[in-house]
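**Student:** Below is the structure I would like to discuss, written out as structure tokens.
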Amino acid sequence: MSTTTGYLAIKEHVFNNLKKIDGTLPENKIEEEVKNTKLVIAQIGYEMFAKVIAIESLPELEDNDWKRIIRELETHFDVKMEAGILIQGAEQQERDNTWWTGVEKQRNKKYYWERYKNHISSFLPTGVVKAIDDDTDIVMNNIENPNVTHFSRYGMVVGHVQSGKTGNYSGLVCKAADAGYKFIVVIAGGMNNLRNQTQERLNEAFVGQTNGVQVGAGKGTSDKNQTPYSLTTVLRDFNRHDADRASQGVNFETINVPVLIVIKKNTSTLKSVISWLEKQYKNKVADHAMLVIDDESDYASVNTKEEEDPTAINGGIRRLLSLFSRSAYVAYTATPYANIFIDHEAENESIGRDLFPKDFIYALDAPTNYFGARKIFLDTDGRHLIEVTDNENDLPTGHKKDLEIASIPNSLKEAIQVFLLNIAVRNLRGYANSHNSMLVHATRFTAVHQKIAIEITNYLDFIQEDIIAYGKLNDAKNQSIYIQDLWDTYIKYFNQDEFSWDEVLNTLTDQVSTILIREVHQKTTVPLEYRKDIPTNAIVIGGTSLARGYTLEGLSVSYFLRNTVFYDTLMQMGRWFGYRSGYEDLCKIYMPYNKIVDFAEIISATEELMDDFKIMADNNMTPEKFGLAIKQNPSSALQITARNKQKNVREFTYSMQLNGKGKETSVISSKPEDIKKNLETIGHLVGLLSKEPERVISHYLWRDIDRQLIFNFLEKFITFQNDPLGLMARMPVSFVKRYIEENETNWDIALFSGLGVSFRVSEDVTIQKEKRFVRLDDDGNYQLENRQVSSGTSEAISLQESERKQVGTDRPQARRLLPRPLLRLHILEPTSKLSTLTVDVLPAFGISFPGDITNDNTVTLKINTVYYSNLLKEIEADKESDD
């Protein structure tokens, strides 16, 4: 037995002992259990202990191995997950919202749920299992009791990308079946690979078998008489042949178990399901309840045409729901924007109402061990991010489908090297039997995917040949330039104290021949497969086909160049989010700086959205109000224009909700005359203010200032804009000026001092400049690092001291407490990480608006055809993908 297998065997023994403890583990229990295991081994020896845990043999573990066992068990057991947040429709608030938890959950036999709960308890932390139970209870309460004679419910569950939504709705499926839902339809994205993967997971969670073999929750004591009837298999979607065959003997009256289908989001598939039902029931299905779960519901399900002639998939889902007198539709997504834009009043007589989640929206929390967007892009000082700067010659971001590729960038070669080294390190850590994946997402075109795959294959062939030939030699890196490159990358990114170079290279030499290259697109010939019996080590090249729910197992390296203007599209491309227990430190994401910034901005906007969500839930506001809030969020403007798709519009009215928001001039003109003018504008404003301002630490604060001074300031300050109104920028000046005109309130003004050199702002005011990292963007303008002008505490400056201590760096909370709008003035001392700057001072400002989403105060402007067309210019490019 190998050391790695022995490591996992001992870790599993300790894990199983800890799992026997009900509830939260006592403090230091993991260390205590590891210590007890070491004592037992010391007393009886490794050979006897191997017999105790029923394996052939055990090698001795080093101190580092025991420490790693403790760390990894802590990662598993010390996980917390809070309950989600619920918004209900007005009618829903009046219904019985405890029918499941109050009565039926106690009354019904919870066969499918208990079986699933026992299954996931073997690998999920206790807190996560409890949260899944609690979350699905809340959704069950909102989808309606299947014994009610007539109902149609529309809801949405919002999760995080790759955070376990499938596990959540698997629990919902089990509970719905226990409650009496007879027909369960899971619509699992638009690609075969995603549908197949979802079917496999539901087989493990709910059906309990695949091809007659018990799997997952079905292992052990399952009752075969209660096995759900699945009309689809891992390899076979629902089609006309299946529909005809199934209709000849299988219907809801002749079987006593729930019927499941897992279908692709495809027009012909939906027609087949509808045809099968219509053959059996001339009128509506009256006696049996149907649950439809629409996974990745913002993809293809949303109607983008006129209500009289909806898109085929949208119409198909609505037609399916209309066939049942008792139906519940639950949309699952991590990017809810499109669903919220559905017209909540839209209804078509022949196919029923549109899919707006009128009854409820439930936002899931993520476990603390989730490797999510904030952790990657905001909280870890960029340690997982590697900036790509060398792709334009080989893989330009704006390429066409006929792009010729003669080589791959050095950054992609380095990413491949990191992936190879990760495989070796994970093997040495005891995970020789785990899958490892690398993602290359550089284009939306199939032909370009294929060319990239050829070049990566050529490069990998050279590395494999040299490692196999020289990897076992003492001076291997002197024998091969490829091994020398690996060595350089190892020194650059890896902890040499954990494993020596010789250990890593020796292990890689044994593994390197197992590495596969797989393409995932419409013309794929050899499918990507993660087998149960052997580990897969794969470099996966794909685009759209990988950007919707499909999980890459053991993903540790991503190379990402794709360009898109849409929030939801970009977030869904983030396959690197998820769970990385035991190798989170090895994860690396290669992408251009502008994409790093885009992700950071989306995360901030999404967190603002979730803050609004909490406030709305506390105030019993409805899904319609939540939809309006998204539409009016200044950070969502571009996303919304994409969803309207009104190419012939002559006049577009856009309403922006600024209450509770913060905006900053994170892109600054580099023209010397603009910088000079803006410094003078700040100086002029400060000169008009009181000569005796408040001093907050080293900063200046003026309270209760006439709004006309702020309006005049905005008229004179030259703000760099990507568009005239600032809808795509972070400082929508036109909307701010309208806000000033429409809100008869005075403002506060703050001028901040930092740690830079002294700067005289006006005759009476001198500050120290604030040091900030900047870089030149593609247009030659200065862009603030991560687009942050101010610090986390700046927006609380006009609060009382006790309030400032209370909110700390919680910016949304600070804005909720603001007594007046706040203009924040900044004199920056710029520094660049990449080049020498020719400027030593930059003027910037920010604005913080008081209140929150409950304040119904919007600013509306009209946009002409030319401007609207410019906003939409990139939409069709995103839709031309032949991936």
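The way I read the labels, and the way they are meant: chains A, B, ... in the order of the structure tokens, residue 1 as the first residue of every chain, and ligand 1 as the first ligand shown, with later ones counted on from there.
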If DSSP is run on the backbone, what residues of range 717-803 of chain A are alpha helix (DSSP H)? A reply as JSON, numbers by chain would be ideal.
**Tutor:** {"A": [733, 734, 735, 736, 737, 738, 739, 740, 741, 742, 801, 802, 803]}
**Student:** Please provide as a list in words all residues within 8 Å of range 386-398 of chain A, with the sequence filter that same-chain residues fewer than 3 positions apart are discarded (counting only C-alpha atoms).
**Tutor:**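 So, after excluding close chain neighbours, the residues are Gly382, Arg383, Ile405, Ala406, Ser407, Ile408, Pro409, Asn410, Ser411, Ala442, Thr443, Leu561, Arg562, Asn563, Lys588, Ile589, Tyr590, Met591, Pro592 and Tyr593 of chain A.
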**Student:** Put those residues in a file: N, CA and C atoms, as a PDB file, in the first residue's frame.
**Tutor:**
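Result file follows (selection.pdb):
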```
ATOM      1  N   GLY A 382      -5.036  38.849  -3.752  1.00  0.00           N
ATOM      2  CA  GLY A 382      -4.688  38.392  -5.096  1.00  0.00           C
ATOM      3  C   GLY A 382      -3.781  37.189  -5.157  1.00  0.00           C
ATOM      4  N   ARG A 383      -3.685  36.434  -4.076  1.00  0.00           N
ATOM      5  CA  ARG A 383      -2.711  35.322  -4.088  1.00  0.00           C
ATOM      6  C   ARG A 383      -3.110  34.207  -5.063  1.00  0.00           C
ATOM      7  N   ILE A 405      -3.561  30.060 -35.167  1.00  0.00           N
ATOM      8  CA  ILE A 405      -2.743  29.999 -33.957  1.00  0.00           C
ATOM      9  C   ILE A 405      -1.462  29.240 -34.264  1.00  0.00           C
ATOM     10  N   ALA A 406      -0.351  29.945 -34.128  1.00  0.00           N
ATOM     11  CA  ALA A 406       0.944  29.320 -34.387  1.00  0.00           C
ATOM     12  C   ALA A 406       1.646  28.913 -33.096  1.00  0.00           C
ATOM     13  N   SER A 407       1.250  29.520 -31.966  1.00  0.00           N
ATOM     14  CA  SER A 407       1.866  29.197 -30.676  1.00  0.00           C
ATOM     15  C   SER A 407       0.930  29.646 -29.572  1.00  0.00           C
ATOM     16  N   ILE A 408       1.239  29.266 -28.367  1.00  0.00           N
ATOM     17  CA  ILE A 408       0.443  29.695 -27.219  1.00  0.00           C
ATOM     18  C   ILE A 408       1.285  30.625 -26.354  1.00  0.00           C
ATOM     19  N   PRO A 409       0.652  31.535 -25.619  1.00  0.00           N
ATOM     20  CA  PRO A 409       1.416  32.490 -24.803  1.00  0.00           C
ATOM     21  C   PRO A 409       2.234  31.791 -23.721  1.00  0.00           C
ATOM     22  N   ASN A 410       3.307  32.430 -23.306  1.00  0.00           N
ATOM     23  CA  ASN A 410       4.126  31.882 -22.219  1.00  0.00           C
ATOM     24  C   ASN A 410       3.324  31.758 -20.928  1.00  0.00           C
ATOM     25  N   SER A 411       2.371  32.667 -20.729  1.00  0.00           N
ATOM     26  CA  SER A 411       1.540  32.583 -19.525  1.00  0.00           C
ATOM     27  C   SER A 411       0.714  31.314 -19.508  1.00  0.00           C
ATOM     28  N   ALA A 442     -10.568  30.482 -23.524  1.00  0.00           N
ATOM     29  CA  ALA A 442      -9.932  31.621 -24.197  1.00  0.00           C
ATOM     30  C   ALA A 442     -10.711  32.129 -25.396  1.00  0.00           C
ATOM     31  N   THR A 443     -11.797  31.457 -25.766  1.00  0.00           N
ATOM     32  CA  THR A 443     -12.509  31.837 -26.978  1.00  0.00           C
ATOM     33  C   THR A 443     -13.941  31.330 -26.914  1.00  0.00           C
ATOM     34  N   LEU A 561      -9.549  34.034 -20.779  1.00  0.00           N
ATOM     35  CA  LEU A 561      -9.386  35.251 -21.573  1.00  0.00           C
ATOM     36  C   LEU A 561     -10.707  35.792 -22.099  1.00  0.00           C
ATOM     37  N   ARG A 562     -11.785  35.063 -21.934  1.00  0.00           N
ATOM     38  CA  ARG A 562     -13.055  35.446 -22.556  1.00  0.00           C
ATOM     39  C   ARG A 562     -13.489  36.836 -22.149  1.00  0.00           C
ATOM     40  N   ASN A 563     -14.060  37.546 -23.114  1.00  0.00           N
ATOM     41  CA  ASN A 563     -14.500  38.918 -22.882  1.00  0.00           C
ATOM     42  C   ASN A 563     -16.005  38.989 -23.042  1.00  0.00           C
ATOM     43  N   LYS A 588      -4.918  28.528  -8.874  1.00  0.00           N
ATOM     44  CA  LYS A 588      -4.447  29.714  -9.574  1.00  0.00           C
ATOM     45  C   LYS A 588      -5.394  30.016 -10.730  1.00  0.00           C
ATOM     46  N   ILE A 589      -5.660  31.323 -10.924  1.00  0.00           N
ATOM     47  CA  ILE A 589      -6.496  31.777 -12.023  1.00  0.00           C
ATOM     48  C   ILE A 589      -5.696  32.786 -12.832  1.00  0.00           C
ATOM     49  N   TYR A 590      -5.456  32.471 -14.084  1.00  0.00           N
ATOM     50  CA  TYR A 590      -4.733  33.355 -14.993  1.00  0.00           C
ATOM     51  C   TYR A 590      -5.760  34.136 -15.810  1.00  0.00           C
ATOM     52  N   MET A 591      -5.716  35.464 -15.735  1.00  0.00           N
ATOM     53  CA  MET A 591      -6.625  36.286 -16.538  1.00  0.00           C
ATOM     54  C   MET A 591      -6.078  37.702 -16.670  1.00  0.00           C
ATOM     55  N   PRO A 592      -6.508  38.417 -17.700  1.00  0.00           N
ATOM     56  CA  PRO A 592      -6.070  39.808 -17.862  1.00  0.00           C
ATOM     57  C   PRO A 592      -6.586  40.681 -16.727  1.00  0.00           C
ATOM     58  N   TYR A 593      -5.904  41.790 -16.497  1.00  0.00           N
ATOM     59  CA  TYR A 593      -6.249  42.658 -15.379  1.00  0.00           C
ATOM     60  C   TYR A 593      -7.674  43.192 -15.491  1.00  0.00           C
TER      61      TYR A 593
END
```
**Student:** Please provide the set of residues having any atom within 8 Å of Thr793 in chain A, restricted to only C-alpha atoms, with same-chain residues fewer than 5 positions apart removed, written as a ChimeraX atom specification.
**Tutor:** /A:808-811
**Student:** Can you list, as a ChimeraX atom specification, all residues belonging to range 252-417 of chain A that DSSP tags as strand (DSSP E)?
**Tutor:** /A:259-263,290-295,326-333,347-348,352-353,360-363,385-387
**Student:** Would you mind listing what lies within 9 Å of Arg240 in chain A as a PyMOL selection string, with only C-alpha atoms counted and same-chain residues fewer than 3 positions away left out?
**Tutor:** chain A and resi 243-245+268-269+271-273+275-276
**Student:** Using only C-alpha atoms, tabulate the residues of range 149-198 of chain A lying at most 10 Å from any atom of range 518-536 of chain A, each with its closest atom pair and that distance in Å to one decimal, by chain and increasing residue number, as a tab-separated table.
**Tutor:**
```
residue	atom	partner	partner_atom	distance
A:Met191	CA	A:Gln522	CA	8.7
A:Asn192	CA	A:Gln522	CA	9.5
A:Asn193	CA	A:Pro527	CA	8.6
A:Gln197	CA	A:Glu529	CA	9.9
```
**Student:** CA of Leu486 in chain A and CA of Leu555 in chain A are how many Å apart?
**Tutor:** 19.6 Å
**Student:** Fewer than 5 positions away in the same chain doesn't count, so skip those; otherwise give me all residues within 10 Å of Thr210 in chain A, counting only C-alpha atoms, as a JSON list (two decimals) with all heavy atoms, in the first residue's frame.
**Tutor:**
```
[["chain", "number", "residue", "atom", "x", "y", "z"],
["A", 199, "GLN", "N", -28.31, 14.09, -14.18],
["A", 199, "GLN", "CA", -29.00, 12.80, -14.03],
["A", 199, "GLN", "C", -28.22, 11.88, -13.11],
["A", 199, "GLN", "O", -28.79, 11.23, -12.23],
["A", 199, "GLN", "CB", -29.17, 12.13, -15.40],
["A", 199, "GLN", "CG", -29.82, 10.76, -15.34],
["A", 199, "GLN", "CD", -31.32, 10.82, -15.20],
["A", 199, "GLN", "OE1", -32.00, 11.43, -16.02],
["A", 199, "GLN", "NE2", -31.86, 10.16, -14.18],
["A", 200, "GLU", "N", -26.91, 11.84, -13.30],
["A", 200, "GLU", "CA", -26.08, 10.98, -12.46],
["A", 200, "GLU", "C", -26.18, 11.38, -11.00],
["A", 200, "GLU", "O", -26.29, 10.52, -10.11],
["A", 200, "GLU", "CB", -24.62, 11.06, -12.94],
["A", 200, "GLU", "CG", -23.68, 10.13, -12.18],
["A", 200, "GLU", "CD", -22.27, 10.15, -12.76],
["A", 200, "GLU", "OE1", -21.93, 11.09, -13.50],
["A", 200, "GLU", "OE2", -21.51, 9.21, -12.47],
["A", 202, "LEU", "N", -28.71, 13.00, -9.54],
["A", 202, "LEU", "CA", -30.04, 12.70, -9.02],
["A", 202, "LEU", "C", -30.25, 11.20, -8.85],
["A", 202, "LEU", "O", -31.01, 10.77, -7.98],
["A", 202, "LEU", "CB", -31.11, 13.30, -9.92],
["A", 202, "LEU", "CG", -31.32, 14.80, -9.73],
["A", 202, "LEU", "CD1", -32.12, 15.40, -10.87],
["A", 202, "LEU", "CD2", -32.00, 15.08, -8.40],
["A", 203, "ASN", "N", -29.58, 10.41, -9.66],
["A", 203, "ASN", "CA", -29.60, 8.96, -9.43],
["A", 203, "ASN", "C", -29.01, 8.64, -8.05],
["A", 203, "ASN", "O", -29.54, 7.82, -7.30],
["A", 203, "ASN", "CB", -28.80, 8.23, -10.50],
["A", 203, "ASN", "CG", -29.56, 8.10, -11.81],
["A", 203, "ASN", "OD1", -30.72, 8.51, -11.91],
["A", 203, "ASN", "ND2", -28.92, 7.54, -12.82],
["A", 204, "GLU", "N", -27.91, 9.30, -7.72],
["A", 204, "GLU", "CA", -27.27, 9.06, -6.44],
["A", 204, "GLU", "C", -28.09, 9.63, -5.28],
["A", 204, "GLU", "O", -28.16, 9.04, -4.20],
["A", 204, "GLU", "CB", -25.87, 9.67, -6.43],
["A", 204, "GLU", "CG", -24.91, 9.02, -7.42],
["A", 204, "GLU", "CD", -23.55, 9.68, -7.44],
["A", 204, "GLU", "OE1", -23.42, 10.78, -6.85],
["A", 204, "GLU", "OE2", -22.61, 9.12, -8.05],
["A", 215, "VAL", "N", -26.66, 2.95, -6.09],
["A", 215, "VAL", "CA", -25.64, 3.99, -5.97],
["A", 215, "VAL", "C", -26.10, 5.01, -4.95],
["A", 215, "VAL", "O", -27.29, 5.15, -4.66],
["A", 215, "VAL", "CB", -25.39, 4.70, -7.33],
["A", 215, "VAL", "CG1", -24.83, 3.75, -8.36],
["A", 215, "VAL", "CG2", -26.67, 5.36, -7.84],
["A", 216, "GLY", "N", -25.15, 5.74, -4.40],
["A", 216, "GLY", "CA", -25.45, 6.87, -3.53],
["A", 216, "GLY", "C", -26.41, 6.54, -2.41],
["A", 216, "GLY", "O", -26.17, 5.61, -1.60],
["A", 218, "GLY", "N", -29.06, 5.05, -2.50],
["A", 218, "GLY", "CA", -29.70, 3.75, -2.67],
["A", 218, "GLY", "C", -28.92, 2.58, -2.12],
["A", 218, "GLY", "O", -29.43, 1.46, -2.06],
["A", 230, "SER", "N", -37.56, 6.53, -13.19],
["A", 230, "SER", "CA", -36.89, 7.56, -13.99],
["A", 230, "SER", "C", -37.04, 7.24, -15.47],
["A", 230, "SER", "O", -36.64, 6.17, -15.93],
["A", 230, "SER", "CB", -35.41, 7.64, -13.62],
["A", 230, "SER", "OG", -34.77, 8.63, -14.40],
["A", 233, "THR", "N", -32.11, 8.40, -18.46],
["A", 233, "THR", "CA", -30.94, 7.74, -17.89],
["A", 233, "THR", "C", -29.74, 8.67, -18.01],
["A", 233, "THR", "O", -29.82, 9.76, -18.59],
["A", 233, "THR", "CB", -30.63, 6.42, -18.62],
["A", 233, "THR", "OG1", -30.17, 6.72, -19.95],
["A", 233, "THR", "CG2", -31.86, 5.53, -18.68],
["A", 234, "VAL", "N", -28.61, 8.22, -17.49],
["A", 234, "VAL", "CA", -27.41, 9.05, -17.53],
["A", 234, "VAL", "C", -27.02, 9.37, -18.97],
["A", 234, "VAL", "O", -26.56, 10.48, -19.27],
["A", 234, "VAL", "CB", -26.24, 8.35, -16.80],
["A", 234, "VAL", "CG1", -24.94, 9.10, -17.03],
["A", 234, "VAL", "CG2", -26.54, 8.25, -15.31]]
```
**Student:** Given only C-alpha atoms as the basis, pick out the residue of A:Lys737, A:Lys110, A:Arg804, A:Arg68 nearest to Asp178 in chain A.
**Tutor:**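 So, comparing all the options, the nearest one is A:Lys110.
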**Student:** Out of A:Leu439, A:Val79, A:Ile361, A:Val259, which residue has the shortest atom-to-atom distance to Val185 in chain A when counting only C-alpha atoms?
**Tutor:** A:Val259
**Student:** Given only C-alpha atoms as the basis, pick out the residue of A:Leu837, A:Ala373, A:Ala286, A:Ala90 nearest to Asp598 in chain A.
**Tutor:**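 Smallest distance to Asp598 in chain A is found for A:Ala373.
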**Student:** I'd like the neighbourhood of Leu817 in chain A as a list in words, where a residue qualifies if any of its atoms comes within 8 Å (using only C-alpha atoms), though same-chain residues fewer than 6 positions away should be ignored.
**Tutor:**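 Here the answer would be Leu799, Pro850 and Gly851 of chain A.
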